[in-house]
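**Q** Below is the file structure-v3.cif, which contains mmCIF, C-alpha atoms and all ligand atoms.
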```
data_final
#
loop_
_atom_site.label_atom_id
_atom_site.label_comp_id
_atom_site.auth_asym_id
_atom_site.auth_seq_id
_atom_site.Cartn_x
_atom_site.Cartn_y
_atom_site.Cartn_z
CA MET A 1 70.55 82.09 108.42
CA ASP A 2 70.61 79.14 110.80
CA SER A 3 73.56 80.46 112.79
CA LEU A 4 71.64 83.46 114.15
CA TYR A 5 71.45 83.57 117.95
CA PRO A 6 67.97 82.33 118.89
CA TRP A 7 66.96 85.56 120.68
CA LEU A 8 67.65 87.55 117.50
CA GLN A 9 65.31 85.38 115.46
CA PRO A 10 61.98 87.10 116.28
CA LEU A 11 63.25 90.51 115.18
CA TRP A 12 64.94 89.01 112.13
CA THR A 13 61.62 87.44 111.11
CA GLN A 14 59.96 90.85 111.39
CA LEU A 15 62.71 92.51 109.40
CA GLN A 16 62.46 89.83 106.72
CA LYS A 17 58.74 90.45 106.45
CA ALA A 18 59.39 94.16 106.00
CA LEU A 19 62.03 93.39 103.36
CA THR A 20 59.68 91.11 101.45
CA GLN A 21 56.93 93.69 101.49
CA ASP A 22 59.39 96.46 100.61
CA ARG A 23 58.35 98.35 103.73
CA LEU A 24 61.84 99.08 105.06
CA PRO A 25 62.60 102.81 104.82
CA ASN A 26 66.10 104.10 104.05
CA SER A 27 66.93 104.90 107.68
CA ILE A 28 66.37 102.37 110.40
CA MET A 29 67.54 102.19 113.99
CA ILE A 30 68.11 99.00 115.93
CA GLU A 31 68.28 99.28 119.69
CA SER A 32 69.82 96.41 121.57
CA ALA A 33 71.36 95.78 124.95
CA ASP A 34 75.05 94.97 124.96
CA GLY A 35 75.94 91.28 124.93
CA LEU A 36 73.29 90.06 122.50
CA GLY A 37 75.46 89.67 119.42
CA GLU A 38 73.31 92.10 117.48
CA GLN A 39 76.03 92.51 114.86
CA GLN A 40 74.84 89.17 113.45
CA LEU A 41 71.48 90.74 112.79
CA ILE A 42 73.00 93.79 111.13
CA ASP A 43 75.12 91.54 108.89
CA ALA A 44 72.12 89.41 107.96
CA LEU A 45 70.21 92.56 107.07
CA GLY A 46 73.09 94.07 105.10
CA LYS A 47 73.59 90.85 103.17
CA ALA A 48 69.87 90.60 102.35
CA LEU A 49 69.68 94.23 101.23
CA LEU A 50 72.66 93.81 98.92
CA CYS A 51 71.91 90.32 97.56
CA SER A 52 71.04 90.36 93.87
CA ASN A 53 68.94 87.18 93.95
CA SER A 54 66.75 87.40 97.00
CA THR A 55 64.95 90.11 98.96
CA ASP A 56 64.65 88.72 102.47
CA GLU A 57 67.90 86.79 102.92
CA GLY A 58 71.34 86.72 101.36
CA CYS A 59 71.30 83.83 98.85
CA GLY A 60 74.94 83.05 99.61
CA PHE A 61 75.78 82.42 95.96
CA CYS A 62 75.61 85.67 94.03
CA HIS A 63 78.64 87.91 93.51
CA SER A 64 77.32 90.32 96.11
CA CYS A 65 76.86 87.63 98.77
CA GLN A 66 80.34 86.29 98.08
CA LEU A 67 81.90 89.72 98.49
CA PHE A 68 79.88 90.17 101.64
CA ALA A 69 81.07 86.86 103.08
CA ALA A 70 84.67 87.84 102.29
CA GLY A 71 84.16 91.13 104.11
CA THR A 72 85.06 93.12 101.01
CA HIS A 73 81.69 94.29 99.70
CA PRO A 74 82.32 97.72 98.19
CA ASP A 75 78.76 98.90 98.90
CA TYR A 76 78.76 98.02 102.59
CA HIS A 77 80.28 100.56 104.92
CA ARG A 78 80.43 100.18 108.68
CA LEU A 79 81.28 102.99 111.02
CA MET A 80 82.30 102.40 114.62
CA PRO A 81 84.37 104.16 117.26
CA LEU A 82 88.10 103.86 116.58
CA GLU A 83 89.73 101.50 119.03
CA THR A 84 91.85 104.13 120.63
CA LYS A 85 88.99 106.60 120.99
CA LYS A 86 85.69 106.43 122.73
CA GLN A 87 83.89 108.82 120.44
CA ILE A 88 82.83 108.68 116.82
CA SER A 89 84.27 111.82 115.32
CA VAL A 90 82.76 114.19 112.79
CA ASP A 91 85.49 113.20 110.32
CA GLN A 92 84.36 109.61 110.44
CA VAL A 93 80.76 110.63 109.71
CA ARG A 94 81.91 112.92 106.88
CA GLU A 95 83.71 109.96 105.33
CA LEU A 96 80.50 107.94 105.63
CA ASN A 97 78.59 110.78 103.97
CA ARG A 98 81.09 110.94 101.11
CA PHE A 99 80.69 107.21 100.64
CA ALA A 100 76.91 107.62 100.61
CA ALA A 101 77.17 110.25 97.87
CA GLU A 102 79.16 107.99 95.55
CA SER A 103 77.39 105.57 93.25
CA SER A 104 77.12 101.87 93.89
CA GLN A 105 79.96 99.68 92.67
CA LEU A 106 77.61 96.81 91.87
CA SER A 107 74.77 99.01 90.57
CA GLY A 108 72.54 98.14 93.49
CA LYS A 109 71.93 99.53 96.94
CA ARG A 110 74.50 100.77 99.37
CA VAL A 111 74.23 99.97 103.06
CA LEU A 112 75.75 102.25 105.67
CA VAL A 113 75.90 101.07 109.24
CA VAL A 114 76.64 103.23 112.26
CA THR A 115 77.43 101.02 115.25
CA LEU A 116 77.46 102.30 118.84
CA ALA A 117 75.81 105.48 117.61
CA GLU A 118 75.57 106.82 121.17
CA GLN A 119 79.30 107.42 120.97
CA MET A 120 78.94 110.09 118.28
CA ASN A 121 79.90 113.50 119.58
CA SER A 122 77.52 116.33 118.85
CA SER A 123 79.13 117.51 115.62
CA ALA A 124 79.20 113.92 114.38
CA SER A 125 75.49 113.54 115.24
CA ASN A 126 74.66 116.72 113.36
CA ALA A 127 76.62 115.61 110.33
CA LEU A 128 74.75 112.30 110.30
CA LEU A 129 71.44 114.07 110.78
CA LYS A 130 72.07 116.20 107.69
CA THR A 131 72.50 113.08 105.55
CA LEU A 132 69.50 111.35 107.11
CA GLU A 133 67.40 114.40 106.26
CA GLU A 134 68.35 114.20 102.59
CA PRO A 135 69.50 110.64 102.03
CA PRO A 136 71.13 109.88 98.67
CA SER A 137 69.01 107.49 96.59
CA GLN A 138 69.58 103.75 96.94
CA CYS A 139 71.24 104.19 100.34
CA VAL A 140 70.04 102.40 103.45
CA PHE A 141 71.29 103.67 106.80
CA VAL A 142 71.28 101.28 109.73
CA VAL A 143 71.93 102.92 113.08
CA LEU A 144 72.72 100.58 115.95
CA THR A 145 72.65 101.78 119.53
CA HIS A 146 72.90 100.42 123.06
CA ALA A 147 71.62 103.67 124.57
CA LYS A 148 68.94 105.36 122.51
CA SER A 149 68.29 108.01 125.15
CA GLN A 150 71.80 109.38 124.60
CA LEU A 151 71.18 110.05 120.91
CA LEU A 152 70.08 113.31 119.37
CA PRO A 153 66.25 113.06 119.38
CA THR A 154 66.17 114.35 115.81
CA VAL A 155 68.41 111.47 114.70
CA VAL A 156 66.11 108.99 116.46
CA SER A 157 62.96 110.45 114.91
CA ARG A 158 64.46 110.22 111.42
CA CYS A 159 64.76 106.44 111.72
CA GLN A 160 62.26 103.63 111.84
CA GLN A 161 62.66 101.97 115.23
CA TRP A 162 63.39 98.31 115.90
CA HIS A 163 64.27 96.70 119.19
CA VAL A 164 66.10 93.47 120.05
CA SER A 165 64.35 91.82 122.99
CA PRO A 166 66.76 90.08 125.34
CA PRO A 167 66.23 86.35 125.89
CA SER A 168 64.33 85.02 128.86
CA ILE A 169 66.33 83.15 131.48
CA GLU A 170 64.89 79.87 130.18
CA GLN A 171 66.05 80.74 126.66
CA THR A 172 69.54 81.55 127.92
CA GLN A 173 69.66 78.32 129.95
CA HIS A 174 68.60 76.42 126.87
CA TRP A 175 71.27 78.13 124.76
CA ILE A 176 73.95 77.44 127.39
CA ALA A 177 73.00 73.76 127.38
CA GLU A 178 73.10 73.63 123.58
CA GLN A 179 76.55 75.22 123.55
CA SER A 180 77.66 72.88 126.36
CA LEU A 181 78.96 75.85 128.32
CA SER A 182 79.50 75.44 132.01
CA VAL A 183 78.08 78.48 133.72
CA SER A 184 77.79 79.20 137.43
CA ASP A 185 74.55 80.39 139.03
CA LEU A 186 76.20 83.71 139.67
CA ALA A 187 77.26 84.17 136.05
CA LEU A 188 73.77 83.24 134.92
CA THR A 189 72.26 85.72 137.37
CA LEU A 190 74.41 88.48 135.91
CA TYR A 191 74.11 87.72 132.24
CA ALA A 192 70.84 85.85 131.87
CA GLN A 193 69.79 88.64 129.55
CA ALA A 194 73.13 89.33 127.90
CA PRO A 195 74.44 85.80 127.23
CA LEU A 196 77.45 86.76 125.13
CA LYS A 197 78.93 88.52 128.14
CA LEU A 198 79.19 85.18 129.92
CA ASN A 199 82.53 84.56 128.26
CA GLU A 200 84.00 87.74 129.68
CA PHE A 201 83.14 86.87 133.26
CA THR A 202 86.34 85.57 134.78
CA GLU A 203 86.70 83.28 137.77
CA ASN A 204 88.36 86.09 139.66
CA GLN A 205 85.43 88.44 139.05
CA SER A 206 83.07 85.67 140.06
CA ASP A 207 84.84 85.07 143.38
CA GLU A 208 84.88 88.78 144.14
CA LEU A 209 81.22 89.25 143.40
CA ALA A 210 80.25 86.17 145.39
CA SER A 211 82.10 87.45 148.47
CA LEU A 212 80.60 90.88 147.97
CA ILE A 213 77.06 89.51 147.97
CA LYS A 214 77.84 87.45 151.04
CA LEU A 215 79.13 90.56 152.85
CA LEU A 216 76.09 92.58 151.85
CA THR A 217 73.76 90.02 153.39
CA LYS A 218 75.49 90.07 156.80
CA ASP A 219 73.74 91.53 159.82
CA ASN A 220 76.09 94.36 160.54
CA LEU A 221 77.36 96.14 157.47
CA LEU A 222 79.53 98.63 159.33
CA VAL A 223 81.73 95.78 160.49
CA GLU A 224 82.19 94.68 156.89
CA GLN A 225 82.47 98.15 155.43
CA SER A 226 86.20 98.17 154.68
CA LYS A 227 86.05 94.76 152.97
CA ILE A 228 83.09 95.84 150.84
CA VAL A 229 84.76 99.09 149.87
CA ALA A 230 88.00 97.30 149.00
CA ILE A 231 86.20 94.95 146.60
CA LEU A 232 84.21 97.72 144.97
CA THR A 233 87.06 100.18 144.49
CA SER A 234 89.51 97.89 142.71
CA GLU A 235 87.64 98.27 139.42
CA PRO A 236 84.60 100.36 140.36
CA GLN A 237 82.75 100.72 137.02
CA ARG A 238 82.70 97.00 136.39
CA SER A 239 82.04 95.77 139.91
CA LEU A 240 79.34 98.37 140.56
CA GLU A 241 77.62 97.44 137.33
CA GLN A 242 77.67 93.77 138.26
CA LEU A 243 76.37 94.54 141.73
CA SER A 244 73.61 96.66 140.25
CA ILE A 245 72.51 93.85 137.92
CA VAL A 246 72.36 91.34 140.79
CA LEU A 247 70.36 93.69 142.99
CA HIS A 248 67.94 94.55 140.17
CA MET A 249 67.42 90.82 139.64
CA ALA A 250 66.83 90.42 143.39
CA LEU A 251 64.16 93.10 143.24
CA ARG A 252 62.33 91.21 140.53
CA HIS A 253 62.90 87.95 142.42
CA PHE A 254 60.54 89.23 145.16
CA ALA A 255 57.59 89.27 142.80
CA GLN A 256 58.48 86.43 140.52
CA PRO A 257 61.11 84.04 141.84
CA TYR A 258 63.68 83.13 139.22
CA GLU A 259 64.01 79.39 138.98
CA GLY A 260 67.63 78.36 138.99
CA LEU A 261 68.89 81.62 140.51
CA GLU A 262 67.61 81.06 144.07
CA THR A 263 71.03 80.38 145.58
CA ILE A 264 72.17 83.90 144.72
CA LEU A 265 68.99 85.93 144.94
CA THR A 266 67.06 84.44 147.86
CA PRO A 267 69.64 85.40 150.55
CA VAL A 268 69.52 89.01 149.31
CA CYS A 269 65.71 89.02 149.45
CA ASN A 270 65.74 87.46 152.92
CA ARG A 271 68.14 90.05 154.27
CA TRP A 272 66.52 93.19 152.83
CA ASP A 273 62.88 94.10 152.45
CA PHE A 274 61.69 95.25 149.04
CA GLY A 275 61.42 98.95 149.93
CA THR A 276 64.93 99.22 151.37
CA LEU A 277 66.45 97.24 148.55
CA SER A 278 64.77 99.33 145.88
CA ARG A 279 65.95 102.59 147.47
CA MET A 280 69.49 101.27 147.68
CA VAL A 281 69.51 100.12 144.07
CA GLU A 282 68.24 103.53 143.06
CA ARG A 283 71.04 105.25 145.01
CA LEU A 284 73.57 102.82 143.62
CA ASP A 285 72.57 103.64 140.05
CA ILE A 286 72.70 107.37 140.76
CA MET A 287 76.18 106.93 142.19
CA ARG A 288 77.26 104.97 139.10
CA ALA A 289 75.97 107.71 136.82
CA GLU A 290 77.82 110.34 138.86
CA LEU A 291 81.05 108.35 138.68
CA ARG A 292 80.70 107.97 134.93
CA ALA A 293 80.05 111.66 134.46
CA HIS A 294 82.77 112.84 136.89
CA PRO A 295 85.62 110.32 136.98
CA GLY A 296 87.51 112.49 139.49
CA LEU A 297 85.00 111.85 142.29
CA ASN A 298 86.17 109.99 145.38
CA THR A 299 84.69 106.53 144.91
CA GLU A 300 85.56 105.41 148.40
CA LEU A 301 83.72 108.28 150.09
CA LEU A 302 80.65 107.81 147.92
CA LEU A 303 80.62 104.11 148.76
CA ILE A 304 80.89 104.68 152.50
CA GLU A 305 78.04 107.15 152.30
CA TRP A 306 76.01 104.63 150.32
CA LEU A 307 76.72 101.84 152.84
CA THR A 308 75.59 103.90 155.81
CA TYR A 309 72.11 104.06 154.26
CA TRP A 310 71.99 100.29 154.24
CA HIS A 311 72.87 100.27 157.88
CA GLU A 312 70.00 102.48 159.01
ZN ZN B 401 72.98 86.77 97.10
#
```
Just give me the structure of the file as structure tokens.

**A**
Amino acid sequence: MDSLYPWLQPLWTQLQKALTQDRLPNSIMIESADGLGEQQLIDALGKALLCSNSTDEGCGFCHSCQLFAAGTHPDYHRLMPLETKKQISVDQVRELNRFAAESSQLSGKRVLVVTLAEQMNSSASNALLKTLEEPPSQCVFVVLTHAKSQLLPTVVSRCQQWHVSPPSIEQTQHWIAEQSLSVSDLALTLYAQAPLKLNEFTENQSDELASLIKLLTKDNLLVEQSKIVAILTSEPQRSLEQLSIVLHMALRHFAQPYEGLETILTPVCNRWDFGTLSRMVERLDIMRAELRAHPGLNTELLLIEWLTYWHE
């Protein structure tokens, strides 16, 4: 499995150990931040579970591994939100349950994967829970989530827990060099711990965020208020998330300076003291949660209110 992203390797090694020792239960949950390519890990696990030659890694040669590689393995079922919908519906989980109740096509295990499990609505969660409580024999459920706290606690407690640790900045820098990617300091600041998101960061976004940070480090914020608000309201969810990441990194930069990210983070730390910055990040994250929960809220007003705190 030499193509696995390097930051997935430690967890994969642990999972392989559990596979070898036959310690893996029939429901496991993998928690991972977005942007880590965790699907690779799920595929490696599915392939290993279904392989008829080997226990801790797909051999790549057996009938099962070949079907897996072709994406047509009849005993591997992956559930994810439909493209047009944000939620995983109860019908989708019922279909998964029906699949689980059938017998294996290759007289081995069946592997059922639920990706982005936090997007199950409550009836879908309950339907999954029912199956997890009485799992059909020879079925392994793999639940992947980016937000464990949003899952039904009873679903979480039914599963053995695994966690993908994000890479360190050094690891990401190393990976970037290996891939010969050219990445700006700002992009690295944002996605040091979610490297696969680097590709989605456009030049336009980068310019916007850079000017935003520059504005936020000026002496008088009220003078800059309309410019700041204009940048943040064009695509609020995305730009507020990016701002939040940079400010969180700046907070950590106070205690342990990030080598290679000084050009972005040091001006923020010079302009704001730790206490003020941490209160503002806290308020920013509350505002983001409110906007997610109530999309009808007036973003502009909330932002102006937020900026006046900075000014005090
Ligand atoms: Zn195989």

**Q** Kindly provide, as a compact mmCIF listing (two decimals) with C-alpha atoms, in the coordinates of the input, all nucleotide and amino acid residues lying within 6 Å of ligand ZN 401 (chain B), counting all atoms listed in the file.

**A**
```
# COMPACT_ATOMS: atom_id res chain seq x y z
CA CYS A 51 71.91 90.32 97.56
CA SER A 52 71.04 90.36 93.87
CA ASN A 53 68.94 87.18 93.95
CA GLY A 58 71.34 86.72 101.36
CA CYS A 59 71.30 83.83 98.85
CA GLY A 60 74.94 83.05 99.61
CA PHE A 61 75.78 82.42 95.96
CA CYS A 62 75.61 85.67 94.03
CA SER A 64 77.32 90.32 96.11
CA CYS A 65 76.86 87.63 98.77
```

**Q** Calculated over only C-alpha atoms, which of the candidates A:Lys218, A:Thr308, A:Ile228, A:Ser149 has the smallest distance to A:Val268?

**A**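 Smallest distance to A:Val268 is found for A:Lys218.
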
**Q** Between A:Thr299, A:Ser157, A:Thr145, A:Gln205, which one has atoms that come closest to A:Glu38, using only C-alpha atoms?

**A**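 Going through A:Thr299, A:Ser157, A:Thr145, A:Gln205 one by one, the smallest distance to A:Glu38 is for A:Thr145.
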
**Q** Have a look at A:Leu82, A:Asp185, A:Glu282, A:Gln119 and name the one nearest to A:Gly260; count only C-alpha atoms.

**A** A:Asp185

**Q** Give the answer as one residue: which of A:Val143, A:Leu151, A:Leu50, A:Ala210 has the shortest atom-to-atom distance to A:Ile28, using only C-alpha atoms?

**A**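 Ranked by minimum distance to A:Ile28, first place goes to A:Val143.
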
**Q** Counting all atoms listed in the file, note down every residue that has an atom within 12 Å of the point (73.4, 78.3, 142.9) (file coordinates), as a PyMOL selection string.

**A** chain A and resi 183-189+210+258-267

**Q** Tell me which of A:Pro236, A:Leu129, A:Glu241, A:Pro136 sits closest to A:Leu302, counting only C-alpha atoms.

**A**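 Among the listed residues, A:Pro236 lies closest to A:Leu302.
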
**Q** Can you work out the spacing between atom CA of A:Phe141 and atom CA of A:Ala70 in Å, to one decimal?

**A**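 Calculated distance between atom CA of A:Phe141 and atom CA of A:Ala70 is 21.2 Å.
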